[in-house]
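Source file: work_36.pdb; contents: PDB, C-alpha atoms and all ligand atoms.
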```
ATOM      1  CA  MET A 168       2.449 -12.643   2.146  1.00  0.00           C
ATOM      2  CA  LEU A 169       1.968 -10.342   5.133  1.00  0.00           C
ATOM      3  CA  ILE A 170       4.848 -10.660   7.623  1.00  0.00           C
ATOM      4  CA  GLN A 171       3.661 -10.196  11.189  1.00  0.00           C
ATOM      5  CA  ASN A 172       5.748 -12.312  13.570  1.00  0.00           C
ATOM      6  CA  THR A 173       8.831 -14.487  14.013  1.00  0.00           C
ATOM      7  CA  GLN A 174       7.115 -17.534  12.487  1.00  0.00           C
ATOM      8  CA  ASP A 175       6.518 -15.513   9.314  1.00  0.00           C
ATOM      9  CA  ILE A 176      10.127 -14.282   9.380  1.00  0.00           C
ATOM     10  CA  ASP A 177      11.386 -17.871   9.562  1.00  0.00           C
ATOM     11  CA  LEU A 178       9.506 -18.765   6.370  1.00  0.00           C
ATOM     12  CA  LEU A 179      11.509 -16.322   4.253  1.00  0.00           C
ATOM     13  CA  GLU A 180      14.340 -17.377   1.940  1.00  0.00           C
ATOM     14  CA  TRP A 181      17.195 -15.959   4.013  1.00  0.00           C
ATOM     15  CA  GLN A 182      19.728 -18.541   2.852  1.00  0.00           C
ATOM     16  CA  LYS A 183      19.703 -17.204  -0.718  1.00  0.00           C
ATOM     17  CA  MET A 184      21.795 -14.148   0.106  1.00  0.00           C
ATOM     18  CA  ASP A 185      23.681 -14.542   3.380  1.00  0.00           C
ATOM     19  CA  ASP A 186      20.720 -13.706   5.610  1.00  0.00           C
ATOM     20  CA  LEU A 187      19.879 -10.506   3.748  1.00  0.00           C
ATOM     21  CA  LEU A 188      16.770  -9.576   1.789  1.00  0.00           C
ATOM     22  CA  PRO A 189      16.273  -6.419  -0.238  1.00  0.00           C
ATOM     23  CA  ALA A 190      13.587  -4.207   1.325  1.00  0.00           C
ATOM     24  CA  VAL A 191      11.804  -1.729  -0.908  1.00  0.00           C
ATOM     25  CA  VAL A 192      10.153   1.037   1.104  1.00  0.00           C
ATOM     26  CA  GLN A 193       6.928   2.457  -0.245  1.00  0.00           C
ATOM     27  CA  ASP A 194       5.033   5.462   1.101  1.00  0.00           C
ATOM     28  CA  ALA A 195       1.894   3.913   2.596  1.00  0.00           C
ATOM     29  CA  PHE A 196      -0.160   6.958   1.704  1.00  0.00           C
ATOM     30  CA  ASP A 197       0.674   7.765  -1.885  1.00  0.00           C
ATOM     31  CA  GLY A 198       2.586   4.727  -3.103  1.00  0.00           C
ATOM     32  CA  ARG A 199       5.830   6.484  -3.969  1.00  0.00           C
ATOM     33  CA  VAL A 200       8.907   4.277  -3.729  1.00  0.00           C
ATOM     34  CA  LEU A 201      11.027   6.013  -1.078  1.00  0.00           C
ATOM     35  CA  MET A 202      14.208   3.944  -0.811  1.00  0.00           C
ATOM     36  CA  GLN A 203      15.709   0.473  -0.863  1.00  0.00           C
ATOM     37  CA  ALA A 204      17.981  -1.133   1.708  1.00  0.00           C
ATOM     38  CA  TYR A 205      18.570  -4.576   3.227  1.00  0.00           C
ATOM     39  CA  MET A 206      17.116  -6.412   6.193  1.00  0.00           C
ATOM     40  CA  ASN A 207      18.370  -9.468   8.039  1.00  0.00           C
ATOM     41  CA  PRO A 208      16.043 -11.434  10.347  1.00  0.00           C
ATOM     42  CA  ALA A 209      16.999  -9.245  13.350  1.00  0.00           C
ATOM     43  CA  ALA A 210      16.298  -6.013  11.442  1.00  0.00           C
ATOM     44  CA  LEU A 211      12.921  -7.301  10.322  1.00  0.00           C
ATOM     45  CA  ALA A 212      12.065  -8.464  13.865  1.00  0.00           C
ATOM     46  CA  ARG A 213      13.128  -5.081  15.256  1.00  0.00           C
ATOM     47  CA  SER A 214      11.014  -3.278  12.649  1.00  0.00           C
ATOM     48  CA  LEU A 215       7.935  -5.310  13.618  1.00  0.00           C
ATOM     49  CA  ASP A 216       8.538  -4.931  17.383  1.00  0.00           C
ATOM     50  CA  SER A 217       9.367  -1.240  17.430  1.00  0.00           C
ATOM     51  CA  GLY A 218       7.160  -0.018  14.582  1.00  0.00           C
ATOM     52  CA  SER A 219      10.171   1.896  13.287  1.00  0.00           C
ATOM     53  CA  VAL A 220      11.700   0.598  10.052  1.00  0.00           C
ATOM     54  CA  THR A 221      15.118  -0.908  10.777  1.00  0.00           C
ATOM     55  CA  PHE A 222      17.657  -2.223   8.261  1.00  0.00           C
ATOM     56  CA  TRP A 223      20.968  -4.024   8.340  1.00  0.00           C
ATOM     57  CA  SER A 224      23.700  -1.584   7.399  1.00  0.00           C
ATOM     58  CA  ARG A 225      26.138  -3.428   5.156  1.00  0.00           C
ATOM     59  CA  SER A 226      28.760  -0.694   5.484  1.00  0.00           C
ATOM     60  CA  ARG A 227      28.615  -0.463   9.279  1.00  0.00           C
ATOM     61  CA  GLN A 228      27.709  -4.130   9.828  1.00  0.00           C
ATOM     62  CA  GLN A 229      25.062  -3.279  12.406  1.00  0.00           C
ATOM     63  CA  LEU A 230      21.344  -2.700  12.777  1.00  0.00           C
ATOM     64  CA  TRP A 231      20.331   0.678  11.481  1.00  0.00           C
ATOM     65  CA  THR A 232      17.024   2.218  12.507  1.00  0.00           C
ATOM     66  CA  LYS A 233      16.193   4.703   9.794  1.00  0.00           C
ATOM     67  CA  GLY A 234      16.185   8.230  11.198  1.00  0.00           C
ATOM     68  CA  GLU A 235      18.023   7.357  14.431  1.00  0.00           C
ATOM     69  CA  THR A 236      20.313  10.344  13.884  1.00  0.00           C
ATOM     70  CA  SER A 237      18.366  12.517  11.420  1.00  0.00           C
ATOM     71  CA  GLY A 238      14.961  12.086  13.038  1.00  0.00           C
ATOM     72  CA  ASN A 239      13.558  11.158   9.627  1.00  0.00           C
ATOM     73  CA  THR A 240      12.117   7.875  10.794  1.00  0.00           C
ATOM     74  CA  LEU A 241       9.858   5.561   8.812  1.00  0.00           C
ATOM     75  CA  LYS A 242       6.788   4.504  10.763  1.00  0.00           C
ATOM     76  CA  LEU A 243       6.024   0.925   9.826  1.00  0.00           C
ATOM     77  CA  VAL A 244       2.576   0.216   8.440  1.00  0.00           C
ATOM     78  CA  ALA A 245       3.037  -3.283   6.993  1.00  0.00           C
ATOM     79  CA  VAL A 246       5.672  -5.635   5.600  1.00  0.00           C
ATOM     80  CA  HIS A 247       4.860  -7.955   2.736  1.00  0.00           C
ATOM     81  CA  ALA A 248       7.102 -10.612   1.195  1.00  0.00           C
ATOM     82  CA  ASP A 249       6.951 -11.355  -2.508  1.00  0.00           C
ATOM     83  CA  CYS A 250       5.804 -14.615  -4.118  1.00  0.00           C
ATOM     84  CA  ASP A 251       9.037 -16.509  -3.503  1.00  0.00           C
ATOM     85  CA  GLY A 252       9.888 -14.980  -0.149  1.00  0.00           C
ATOM     86  CA  ASP A 253      13.124 -13.307  -1.172  1.00  0.00           C
ATOM     87  CA  CYS A 254      12.128  -9.658  -1.357  1.00  0.00           C
ATOM     88  CA  LEU A 255      10.334  -7.387   1.114  1.00  0.00           C
ATOM     89  CA  LEU A 256       7.896  -4.588   0.434  1.00  0.00           C
ATOM     90  CA  VAL A 257       7.854  -2.253   3.422  1.00  0.00           C
ATOM     91  CA  MET A 258       4.940   0.158   3.608  1.00  0.00           C
ATOM     92  CA  ALA A 259       5.661   3.102   5.853  1.00  0.00           C
ATOM     93  CA  ILE A 260       4.785   6.677   6.713  1.00  0.00           C
ATOM     94  CA  PRO A 261       7.891   8.878   6.542  1.00  0.00           C
ATOM     95  CA  ALA A 262       8.458  11.471   9.298  1.00  0.00           C
ATOM     96  CA  GLY A 263      10.611  13.532   6.928  1.00  0.00           C
ATOM     97  CA  PRO A 264      12.759  13.203   3.805  1.00  0.00           C
ATOM     98  CA  ALA A 265      13.709   9.555   3.347  1.00  0.00           C
ATOM     99  CA  CYS A 266      16.908  10.336   1.420  1.00  0.00           C
ATOM    100  CA  HIS A 267      20.164  11.666   2.903  1.00  0.00           C
ATOM    101  CA  ARG A 268      20.054  14.373   0.180  1.00  0.00           C
ATOM    102  CA  ASN A 269      17.041  15.772   2.046  1.00  0.00           C
ATOM    103  CA  THR A 270      14.673  14.773  -0.729  1.00  0.00           C
ATOM    104  CA  ASP A 271      11.500  12.811  -0.103  1.00  0.00           C
ATOM    105  CA  THR A 272      12.725   9.781  -1.987  1.00  0.00           C
ATOM    106  CA  CYS A 273      16.049   8.312  -3.089  1.00  0.00           C
ATOM    107  CA  PHE A 274      14.879   8.053  -6.678  1.00  0.00           C
ATOM    108  CA  ASP A 275      14.047  11.457  -8.026  1.00  0.00           C
ATOM    109  CA  ASN A 276      11.950  14.552  -7.658  1.00  0.00           C
ATOM    110  CA  ASP A 277       8.740  13.437  -5.969  1.00  0.00           C
ATOM    111  CA  LEU A 278       6.504  15.012  -8.601  1.00  0.00           C
ATOM    112  CA  THR A 279       8.068  13.027 -11.413  1.00  0.00           C
ATOM    113  CA  ILE A 280       7.973   9.660  -9.627  1.00  0.00           C
ATOM    114  CA  ALA A 281       4.430  10.054  -8.315  1.00  0.00           C
ATOM    115  CA  PRO A 282       2.175   7.392  -9.836  1.00  0.00           C
ATOM    116  CA  GLU A 283      -0.677   9.007 -11.775  1.00  0.00           C
ATOM    117  CA  LEU A 284      -3.258   8.984  -8.962  1.00  0.00           C
ATOM    118  CA  SER A 285      -0.665   9.981  -6.387  1.00  0.00           C
ATOM    119  CA  PHE A 286      -0.196  13.209  -8.271  1.00  0.00           C
ATOM    120  CA  LEU A 287      -3.064  14.500  -6.113  1.00  0.00           C
ATOM    121  CA  ALA A 288      -0.961  13.816  -3.015  1.00  0.00           C
ATOM    122  CA  ALA A 289       2.013  15.542  -4.660  1.00  0.00           C
ATOM    123  CA  LEU A 290      -0.210  18.496  -5.478  1.00  0.00           C
ATOM    124  CA  GLU A 291      -1.386  18.538  -1.862  1.00  0.00           C
ATOM    125  CA  ARG A 292       2.241  18.836  -0.718  1.00  0.00           C
ATOM    126  CA  LEU A 293       2.906  21.602  -3.228  1.00  0.00           C
ATOM    127  CA  ILE A 294      -0.155  23.517  -1.992  1.00  0.00           C
ATOM    128  CA  ALA A 295       1.040  23.118   1.623  1.00  0.00           C
ATOM    129  CA  GLU A 296       4.415  24.516   0.597  1.00  0.00           C
ATOM    130  CA  ARG A 297       2.734  27.475  -1.124  1.00  0.00           C
ATOM    131  CA  GLU A 298       0.727  28.151   2.021  1.00  0.00           C
ATOM    132  CA  MET A 299       3.872  28.254   4.123  1.00  0.00           C
ATOM    133  CA  LYS A 300       6.102  30.211   1.736  1.00  0.00           C
ATOM    134  CA  ARG A 301       3.426  32.408   0.122  1.00  0.00           C
ATOM    135  CA  PRO A 302       5.336  33.073  -3.114  1.00  0.00           C
ATOM    136  CA  GLU A 303       4.276  36.240  -4.908  1.00  0.00           C
ATOM    137  CA  ASP A 304       2.552  35.887  -8.306  1.00  0.00           C
ATOM    138  CA  SER A 305       1.051  32.614  -7.172  1.00  0.00           C
ATOM    139  CA  TYR A 306      -2.681  32.085  -7.623  1.00  0.00           C
ATOM    140  CA  THR A 307      -2.571  29.671  -4.679  1.00  0.00           C
ATOM    141  CA  THR A 308      -1.059  32.377  -2.453  1.00  0.00           C
ATOM    142  CA  ARG A 309      -3.856  34.753  -3.464  1.00  0.00           C
ATOM    143  CA  LEU A 310      -6.442  32.135  -2.541  1.00  0.00           C
ATOM    144  CA  PHE A 311      -4.931  31.586   0.899  1.00  0.00           C
ATOM    145  CA  GLU A 312      -4.817  35.323   1.507  1.00  0.00           C
ATOM    146  CA  ALA A 313      -8.468  35.654   0.470  1.00  0.00           C
ATOM    147  CA  GLY A 314      -9.429  33.102   3.121  1.00  0.00           C
ATOM    148  CA  VAL A 315     -11.631  30.051   3.590  1.00  0.00           C
ATOM    149  CA  LYS A 316     -14.868  31.761   2.591  1.00  0.00           C
ATOM    150  CA  ARG A 317     -13.523  32.791  -0.816  1.00  0.00           C
ATOM    151  CA  ILE A 318     -11.925  29.392  -1.425  1.00  0.00           C
ATOM    152  CA  ALA A 319     -15.170  27.658  -0.430  1.00  0.00           C
ATOM    153  CA  GLN A 320     -17.042  29.856  -2.893  1.00  0.00           C
ATOM    154  CA  LYS A 321     -14.623  28.773  -5.650  1.00  0.00           C
ATOM    155  CA  VAL A 322     -15.199  25.110  -4.768  1.00  0.00           C
ATOM    156  CA  GLY A 323     -18.939  25.708  -5.065  1.00  0.00           C
ATOM    157  CA  GLU A 324     -18.562  27.423  -8.443  1.00  0.00           C
ATOM    158  CA  GLU A 325     -16.237  24.768  -9.833  1.00  0.00           C
ATOM    159  CA  GLY A 326     -18.590  22.056  -8.568  1.00  0.00           C
ATOM    160  CA  VAL A 327     -21.486  23.592 -10.468  1.00  0.00           C
ATOM    161  CA  GLU A 328     -19.349  24.066 -13.592  1.00  0.00           C
ATOM    162  CA  THR A 329     -18.237  20.424 -13.409  1.00  0.00           C
ATOM    163  CA  ALA A 330     -21.849  19.293 -13.129  1.00  0.00           C
ATOM    164  CA  LEU A 331     -22.931  21.512 -16.024  1.00  0.00           C
ATOM    165  CA  ALA A 332     -20.115  20.234 -18.250  1.00  0.00           C
ATOM    166  CA  ALA A 333     -21.181  16.641 -17.545  1.00  0.00           C
ATOM    167  CA  VAL A 334     -24.824  17.377 -18.287  1.00  0.00           C
ATOM    168  CA  ALA A 335     -23.845  19.154 -21.508  1.00  0.00           C
ATOM    169  CA  GLY A 336     -21.848  16.074 -22.531  1.00  0.00           C
ATOM    170  CA  ASP A 337     -18.718  18.185 -23.047  1.00  0.00           C
ATOM    171  CA  ARG A 338     -15.938  15.774 -22.121  1.00  0.00           C
ATOM    172  CA  GLU A 339     -13.079  18.220 -22.557  1.00  0.00           C
ATOM    173  CA  GLU A 340     -14.838  20.810 -20.412  1.00  0.00           C
ATOM    174  CA  LEU A 341     -15.641  18.128 -17.840  1.00  0.00           C
ATOM    175  CA  VAL A 342     -11.956  17.258 -17.538  1.00  0.00           C
ATOM    176  CA  ASN A 343     -10.958  20.910 -17.165  1.00  0.00           C
ATOM    177  CA  GLU A 344     -13.646  21.756 -14.651  1.00  0.00           C
ATOM    178  CA  SER A 345     -12.950  18.595 -12.647  1.00  0.00           C
ATOM    179  CA  ALA A 346      -9.272  19.587 -12.489  1.00  0.00           C
ATOM    180  CA  ASP A 347     -10.295  23.063 -11.244  1.00  0.00           C
ATOM    181  CA  LEU A 348     -12.607  21.481  -8.687  1.00  0.00           C
ATOM    182  CA  LEU A 349     -10.008  19.073  -7.313  1.00  0.00           C
ATOM    183  CA  TYR A 350      -7.373  21.790  -7.117  1.00  0.00           C
ATOM    184  CA  HIS A 351      -9.648  24.219  -5.270  1.00  0.00           C
ATOM    185  CA  LEU A 352     -10.868  21.420  -2.992  1.00  0.00           C
ATOM    186  CA  LEU A 353      -7.263  20.624  -2.021  1.00  0.00           C
ATOM    187  CA  VAL A 354      -6.668  24.314  -1.261  1.00  0.00           C
ATOM    188  CA  LEU A 355      -9.871  24.408   0.806  1.00  0.00           C
ATOM    189  CA  LEU A 356      -8.845  21.299   2.765  1.00  0.00           C
ATOM    190  CA  ARG A 357      -5.458  22.832   3.497  1.00  0.00           C
ATOM    191  CA  ALA A 358      -6.973  26.178   4.510  1.00  0.00           C
ATOM    192  CA  SER A 359      -9.287  24.261   6.852  1.00  0.00           C
ATOM    193  CA  GLY A 360      -6.506  22.196   8.431  1.00  0.00           C
ATOM    194  CA  THR A 361      -7.676  18.966   6.820  1.00  0.00           C
ATOM    195  CA  GLN A 362      -5.664  16.418   4.874  1.00  0.00           C
ATOM    196  CA  LEU A 363      -6.418  14.328   1.806  1.00  0.00           C
ATOM    197  CA  SER A 364      -5.514  11.226   3.871  1.00  0.00           C
ATOM    198  CA  GLU A 365      -8.520  11.927   6.126  1.00  0.00           C
ATOM    199  CA  ILE A 366     -10.759  11.944   3.070  1.00  0.00           C
ATOM    200  CA  THR A 367      -9.367   8.694   1.696  1.00  0.00           C
ATOM    201  CA  ALA A 368      -9.648   7.120   5.183  1.00  0.00           C
ATOM    202  CA  ALA A 369     -13.310   8.163   5.330  1.00  0.00           C
ATOM    203  CA  LEU A 370     -13.936   6.690   1.878  1.00  0.00           C
ATOM    204  CA  ARG A 371     -12.130   3.498   2.839  1.00  0.00           C
ATOM    205  CA  SER A 372     -14.116   3.106   6.074  1.00  0.00           C
ATOM    206  CA  ARG A 373     -17.355   3.135   4.094  1.00  0.00           C
ATOM    207  CA  HIS A 374     -16.173  -0.078   2.488  1.00  0.00           C
ATOM    208  CA  GLY A 375     -15.769  -1.794   5.848  1.00  0.00           C
ATOM    209  CA  ASP A 376     -11.994  -1.818   5.631  1.00  0.00           C
ATOM    210  CA  SER A 377     -10.405   0.410   8.256  1.00  0.00           C
ATOM    211  CA  LYS A 378      -6.900  -0.013   6.794  1.00  0.00           C
TER
HETATM  212 ZN    ZN B 401      18.902   8.439  -0.775  1.00  0.00          ZN
END
```
Turn the structure described in the file into structure tokens.
Ligand SMILES: [Zn+2]
Amino acid sequence: MLIQNTQDIDLLEWQKMDDLLPAVVQDAFDGRVLMQAYMNPAALARSLDSGSVTFWSRSRQQLWTKGETSGNTLKLVAVHADCDGDCLLVMAIPAGPACHRNTDTCFDNDLTIAPELSFLAALERLIAEREMKRPEDSYTTRLFEAGVKRIAQKVGEEGVETALAAVAGDREELVNESADLLYHLLVLLRASGTQLSEITAALRSRHGDSK
């Protein structure tokens, strides 16, 4: 159930656990589970009103807007309650690391917890990091230094090789060439100041669903 207003909030099973419900926060872009905390009705109402994810801090016994001191806020996208109304799924866009350890998520290295399809998003982040840090001996660094034209040429080549592998019926080659194509496409998007989220948004809009 989508929770949008105070009427929705009142329908939840708050009495089960002293006015608290566990709130699992999921990255609205790539589906990674970022953290888990608790909300009371006031925290949930504040989250909906302000658009900034707010919890109830059990240790401090007060409302706690995530990122109020660190700046690593969670921009609320949607809150859903589970089937029996006693657990919240909070979809959000993080402004920075969600964990106090300065990691993206409270659970583990973001590459290892990325669901299979979200690995593309993890790879996108890794490519962005390579662009900024430019580590030596990195093929990605060499691509960025060669520039957009060279990267675009690689995307063209890998596209043709992918097509040829499919036509030849070589499944193993198709997988390898597709991996090359996606990787070089992500590098090209980065080098052109474009994000994977813009591509998925464009794909989504073609299906008449803007969010
Ligand atoms: Zn943490």
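What the PyMOL selection byres (((chain A and resi 205) around 9) and not hetatm) grabs from this file is Leu187, Leu188, Pro189, Ala190, Val191, Gln203, Ala204, Met206, Asn207, Ala210, Phe222, Trp223, Ser224, Arg225 and Leu255 of chain A.
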File dump, residues just selected, C-alpha atoms, as a PDB file, in the coordinates of the input:
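Result saved to result33.pdb:
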```pdb
ATOM      1  CA  LEU A 187      19.879 -10.506   3.748  1.00  0.00           C
ATOM      2  CA  LEU A 188      16.770  -9.576   1.789  1.00  0.00           C
ATOM      3  CA  PRO A 189      16.273  -6.419  -0.238  1.00  0.00           C
ATOM      4  CA  ALA A 190      13.587  -4.207   1.325  1.00  0.00           C
ATOM      5  CA  VAL A 191      11.804  -1.729  -0.908  1.00  0.00           C
ATOM      6  CA  GLN A 203      15.709   0.473  -0.863  1.00  0.00           C
ATOM      7  CA  ALA A 204      17.981  -1.133   1.708  1.00  0.00           C
ATOM      8  CA  MET A 206      17.116  -6.412   6.193  1.00  0.00           C
ATOM      9  CA  ASN A 207      18.370  -9.468   8.039  1.00  0.00           C
ATOM     10  CA  ALA A 210      16.298  -6.013  11.442  1.00  0.00           C
ATOM     11  CA  PHE A 222      17.657  -2.223   8.261  1.00  0.00           C
ATOM     12  CA  TRP A 223      20.968  -4.024   8.340  1.00  0.00           C
ATOM     13  CA  SER A 224      23.700  -1.584   7.399  1.00  0.00           C
ATOM     14  CA  ARG A 225      26.138  -3.428   5.156  1.00  0.00           C
ATOM     15  CA  LEU A 255      10.334  -7.387   1.114  1.00  0.00           C
TER      16      LEU A 255
END
```
Excluding Ala330 in chain A and residues on its chain fewer than 3 positions from it, collect all residues at most 9 Å away from it, counting only C-alpha atoms, and give them as a compact mmCIF listing (two decimals) with C-alpha atoms, keeping the file's coordinate frame.
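File produced: around_31.txt:
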```
# COMPACT_ATOMS: atom_id res chain seq x y z
CA GLU A 325 -16.24 24.77 -9.83
CA GLY A 326 -18.59 22.06 -8.57
CA VAL A 327 -21.49 23.59 -10.47
CA ALA A 333 -21.18 16.64 -17.55
CA VAL A 334 -24.82 17.38 -18.29
CA ALA A 335 -23.84 19.15 -21.51
CA LEU A 341 -15.64 18.13 -17.84
CA GLU A 344 -13.65 21.76 -14.65
CA SER A 345 -12.95 18.60 -12.65
```
Å distance separating CA of Val315 in chain A from CA of Ala358 in chain A, one decimal place: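 About the pair CA of Val315 in chain A and CA of Ala358 in chain A: they are 6.1 Å apart.
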Nearest-residue call for ligand ZN 401 (chain B), choices A:Asn276, A:Asn269, A:Asn343, A:Thr361, using only C-alpha atoms and all ligand atoms: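 Counting only C-alpha atoms and all ligand atoms, the residue closest to ligand ZN 401 (chain B) is A:Asn269.
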Nearby residues, ligand ZN 401 (chain B), 6 Å, only C-alpha atoms and all ligand atoms, as a VMD selection string: chain A and resid 266 to 267 273
Nearest to Pro261 in chain A, chosen from A:Ala195, A:Leu352, A:Ala346, A:Leu284, with only C-alpha atoms counted in the distances: A:Ala195
Might you pull out every residue within 8 Å of Gln171 in chain A, with all atoms listed in the file counted and same-chain residues fewer than 5 positions away left off, and present them as a PDB file with C-alpha atoms, in the coordinates of the input?
```
ATOM      1  CA  ILE A 176      10.127 -14.282   9.380  1.00  0.00           C
ATOM      2  CA  LEU A 215       7.935  -5.310  13.618  1.00  0.00           C
ATOM      3  CA  VAL A 246       5.672  -5.635   5.600  1.00  0.00           C
TER       4      VAL A 246
END
```
Computed interatomic separation between CA of Cys250 in chain A and CA of Asp185 in chain A (Å): 19.4 Å
Shortest interatomic distance to Val257 in chain A - which of A:Leu363, A:Val192, A:Leu241, A:Leu370, counting all atoms listed in the file: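 With all atoms listed in the file as the atom set, the closest residue is A:Val192.
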